[in-house]
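Notes follow once the structure below has been shown.
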Amino acid sequence: MLVTELISKKQSGGVLTNAGIDELVSEFAVGRVPDYQMAALLMAIYFRGLDDREGLRFLDAMIRSGERLSFDSIPRRKVDKHSTGGIGDKTSLIIAPVVAEAGVPIPMISGRALGHTGGTLDKLESIRGLRVTLTHEEFARTLTKHYCAFGAQTESLVPADKRLYALRDVTSTVAIPPLIAASILSKKIAEGTNALVMDVKIGPGGFLTNEFEARELSARLVRWSAEYSVETIAVGTDMCEPLGRTAGNRIEVAECLDILATGDGDARLIELCAVLGGTMLKLGGVCSSTDDGKNEFLRILQSGTALARFQSIAEEQGADPSVWREFESGERAANAQEILAQDDGFLQEIRPRDIGLGLVDLGAGRCIATDEIDPTAGIEFFKRRGNRVTRGEPLARAYWSRSTTSVQTGLNRLAGAFVIGSAPAETRPLVYFETK
Ligand code: URA
């Protein structure tokens with residue numbers, strides 16, 4: 001095919017035909033369209049956009065590039081949850097075992113850390129032995145037995161998205177809203193879910209920085225998934241500050257295990273889990289309204305039974321059963337350093353993007369795809385946004401185990417994320433909107 005024709009058409013603001021998109025995506029998925037041509041087309045799309053028909057056709061062609069899973073043998077409505085990504089966003093690890101405990105199966109295909117944002121798979125892999133690269137049979141067995149499986153995208157599940165996403169990541173073309181929607185939905189539709197709760201993050205800790213863009217993406221996700229009979233509810237939530245008391249990988253797992261054991265923890269994190277989890281229970285048909293779902297979610301969380309379910313899922317996926325004792329004993333990183341308040345006043349901001357970039361420098365994320373993660377790298381917050389602080393008081397503690405040249409840069413970035421001012425911080429909503 002003549003990809004140069006498609007590139008020049010898009011450059012001049014034209015629209016691509018269905019046949020052109022189909023051939024482009026299927027040839028790219030098998031390596032017959034070189035990355036440099038696709039990168040040029042992506043840049044043209046970045047500036048000229050895609051209309052609804054073109055975007056939907058990309059979605060369709062991406063789904064058709066690989067296999068489509070089906071879990072019809074489980075006679076219940078399958079519901080997944082996905083976030084557009086943020087800092088300290090550990091909600092999946094808390095929500096999934098609670099929702100599974102309520103009898104709603106969750107076929108969860110998650111992502112890795114991307115740019116400054118963290119990834120569920122990297123957090124899970126910090127549990128010794130746990131594997132997320134499951135065969136279809138292993139994924140189905142875990143889902144059938146525990147009502148939840150945590151998996152990574154495989155070579156056969158939407159291969160076109162796997163290649164396209166990697167290319168968008170390194171060519172600064174991630175922020176194309178129709179392609180974000182197509183990328184997320186292609187994986188969700190191919191994994192065989194019947195319904196989806198989307199957590200669309202708004203703020204500098206995520207990829208969408210304003211509510212308008214988030215509302216547009218949410219409406220598109222709801223509309224497009226309906227074409228495939230997947231009922232979606234998108235919730236626009238705050239990402240102007242890190243979520244919960246920790247950010248990193250192992251340290252976030254420890255926070256989740258503690259919440260699952262006690263039913264208690266950071267109030268904003270638990271409220272967000274209840275909103276998203278309650279919506280999943282409504283979509284799964286076990287509660288008649290989102291409010292009932294929220295109450296049921298909190299009841300199960302507070303009962304503490306979801307901890308054993310999380311551990312069973314993790315052990316089914318290879319986690320060493322002795323690993324839980326290490327989390328209890330608080331075994332941490334080789335190095336730690338406190339971040340001290342530089343002034344008296346109110347903590348006005350904990351800038352999430354600086355926290356995310358600082359953590360990448362400490363080894364919690366990747367600069368290039370082949371970088372190895374330091375699972376112990378992370379940060380624990382002692383103070384929240386809005387708290388009164390005094391000069392010299394510890395605000396947080398950073399952890400890391402590998403002594404690399406970027407550690408000092410990371411520590412400086414983390415320290416710079418804490419903004420102290422004389423006036424109390426204004427309050428912000430946690431949930432901005434819901435689109436269904
Ligand atoms: N997450 C995805 O899976 N794809 C995107 O394009 C953006 C976020």
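Note on naming: chains are A, B, ... as they come in the structure tokens, residues start from 1 per chain, ligands start from 1 in the order shown.
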
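Backbone DSSP over range 4-164 of chain A yields strand (DSSP E or B) at Val79, Asp80, Lys81, His82, Ser83, Ile106, Pro107, Met108, Ile109, Ser110, Leu114, Thr117, Cys148, Ala149, Phe150, Gly151 and Ala152 of chain A.
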
Task: Spatial neighbours of range 46-55 of chain A, max dist 9 Å, only C-alpha atoms, sep filter under 2 positions, as JSON, numbers by chain - done: {"A": [10, 11, 12, 13, 14, 15, 16, 17, 18, 21, 41, 42, 43, 44, 57, 58, 59, 60, 173, 174, 175, 176, 177, 178, 179, 181, 182, 220]}

Can you write out the residues you just picked, keeping C-alpha atoms, as a CSV table (one decimal), in the first residue's frame?
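Result saved to selection_3.csv:
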```csv
chain,number,residue,atom,x,y,z
A,10,LYS,CA,-3.9,13.8,6.3
A,11,GLN,CA,-1.2,16.6,6.0
A,12,SER,CA,-3.7,18.6,3.9
A,13,GLY,CA,-6.6,17.9,6.3
A,14,GLY,CA,-8.3,15.2,4.3
A,15,VAL,CA,-10.2,12.2,5.7
A,16,LEU,CA,-8.9,8.6,5.4
A,17,THR,CA,-11.2,5.9,3.9
A,18,ASN,CA,-12.3,2.8,5.8
A,21,ILE,CA,-7.4,2.5,7.6
A,41,LEU,CA,1.2,9.7,9.7
A,42,LEU,CA,0.7,10.0,13.5
A,43,MET,CA,2.3,13.5,13.5
A,44,ALA,CA,-0.1,14.5,10.6
A,57,ARG,CA,-12.6,2.6,12.1
A,58,PHE,CA,-9.1,2.7,13.8
A,59,LEU,CA,-10.7,1.0,16.8
A,60,ASP,CA,-12.4,-1.7,14.7
A,173,THR,CA,1.9,11.6,19.8
A,174,VAL,CA,0.2,10.0,22.8
A,175,ALA,CA,-2.1,13.0,23.2
A,176,ILE,CA,-4.4,12.3,20.2
A,177,PRO,CA,-7.8,11.9,22.0
A,178,PRO,CA,-9.5,9.5,19.4
A,179,LEU,CA,-6.4,7.3,19.4
A,181,ALA,CA,-10.0,6.1,23.1
A,182,ALA,CA,-9.3,3.5,20.4
A,220,ARG,CA,-16.3,9.2,23.2
```

Task: Among the residues A:Arg397, A:Arg366, A:Lys162, A:Arg353, the one that comes closest to Met62 in chain A [using only C-alpha atoms] - done: A:Lys162

Find the nearest atom pair between each residue of chain A and ligand 1 for residues within 7 Å, count only C-alpha atoms and all ligand atoms, give distances in Å to one decimal, sort rows by chain and ascending number, and present the table as a tab-separated table.
```
residue	atom	partner	partner_atom_place_in_ligand_line	distance
A:Thr84	CA	ligand 1	8 (C)	5.2
A:Gly85	CA	ligand 1	8 (C)	6.9
A:Gly111	CA	ligand 1	3 (O)	6.7
A:Tyr165	CA	ligand 1	6 (O)	6.3
A:Val174	CA	ligand 1	6 (O)	5.7
A:Leu179	CA	ligand 1	6 (O)	5.9
A:Ile180	CA	ligand 1	6 (O)	3.5
A:Ala181	CA	ligand 1	6 (O)	6.7
A:Ser183	CA	ligand 1	4 (N)	4.6
A:Ile184	CA	ligand 1	3 (O)	4.3
```

TODO: Enumerate the residues of range 166-345 of chain A with a DSSP assignment of helix (DSSP H, G or I), computed from the backbone, and present them as a PyMOL selection string.
DONE: chain A and resi 166-170+177-190+211-226+250-262+267-283+290-303+306-316+323-328

Open item on the list: Could you list, as a count of residues only, every residue within 8 Å of Ala274 in chain A, counting only C-alpha atoms and ignoring same-chain residues fewer than 2 positions away?
Closed with: 11

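Excluding Asp344 in chain A itself and same-chain residues fewer than 2 positions from it, the residues having an atom within 7 Å of it are Val389, Thr390 and Arg391 of chain A, counting only C-alpha atoms.
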
TODO: Have a look at A:Glu316, A:Asp80, A:Glu27, A:Glu101 and name the one nearest to Glu231 in chain A; count only C-alpha atoms.
DONE: A:Asp80

Surrounding residues of Ser92 in chain A excluding itself and chain neighbours under 4 positions, 8 Å, only C-alpha atoms, as a PDB file with N, CA, C and O atoms, in the first residue's frame:
```
ATOM      1  N   LYS A  81     -12.263  -2.219  35.022  1.00  0.00           N
ATOM      2  CA  LYS A  81     -12.049  -0.819  35.409  1.00  0.00           C
ATOM      3  C   LYS A  81     -10.692  -0.412  34.848  1.00  0.00           C
ATOM      4  O   LYS A  81      -9.754  -1.208  34.842  1.00  0.00           O
ATOM      5  N   HIS A  82     -10.606   0.799  34.329  1.00  0.00           N
ATOM      6  CA  HIS A  82      -9.333   1.255  33.750  1.00  0.00           C
ATOM      7  C   HIS A  82      -9.148   2.724  34.061  1.00  0.00           C
ATOM      8  O   HIS A  82     -10.113   3.486  34.087  1.00  0.00           O
ATOM      9  N   ALA A  96     -10.360  -4.414  42.718  1.00  0.00           N
ATOM     10  CA  ALA A  96     -10.572  -5.719  42.067  1.00  0.00           C
ATOM     11  C   ALA A  96     -10.944  -6.822  43.062  1.00  0.00           C
ATOM     12  O   ALA A  96     -11.958  -7.506  42.863  1.00  0.00           O
ATOM     13  N   THR A 120      -0.152  -0.400  36.922  1.00  0.00           N
ATOM     14  CA  THR A 120      -0.606  -1.503  37.787  1.00  0.00           C
ATOM     15  C   THR A 120       0.298  -2.733  37.655  1.00  0.00           C
ATOM     16  O   THR A 120       0.601  -3.401  38.649  1.00  0.00           O
TER      17      THR A 120
END
```

Task: Nearby residues (only C-alpha atoms) at most 7 Å from range 143-150 of chain A, same-chain spacing under 2 positions excluded, as a list in words - done: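 Once the nearby chain positions are removed, what remains is Ile74, Ala96, Ala100, Val104, Pro105, Ile106, Pro107, Met108, Ile109, Val132, Phe139, Ala140, Arg141 and Ile313 of chain A.
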
- [ ] Could you tell me which of A:Asp320, A:Glu315, A:Glu426, A:Gly330 comes closest to Glu349 in chain A if we count only C-alpha atoms?
- [x] A:Glu426

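Take CA of Leu56 in chain A and CA of Tyr228 in chain A: the distance between them is 10.8 Å.
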
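Shortest atom-to-atom contact with Ala369 in chain A among A:Pro34, A:Gly265, A:Gly129, A:Gly115: A:Gly115, counting only C-alpha atoms.
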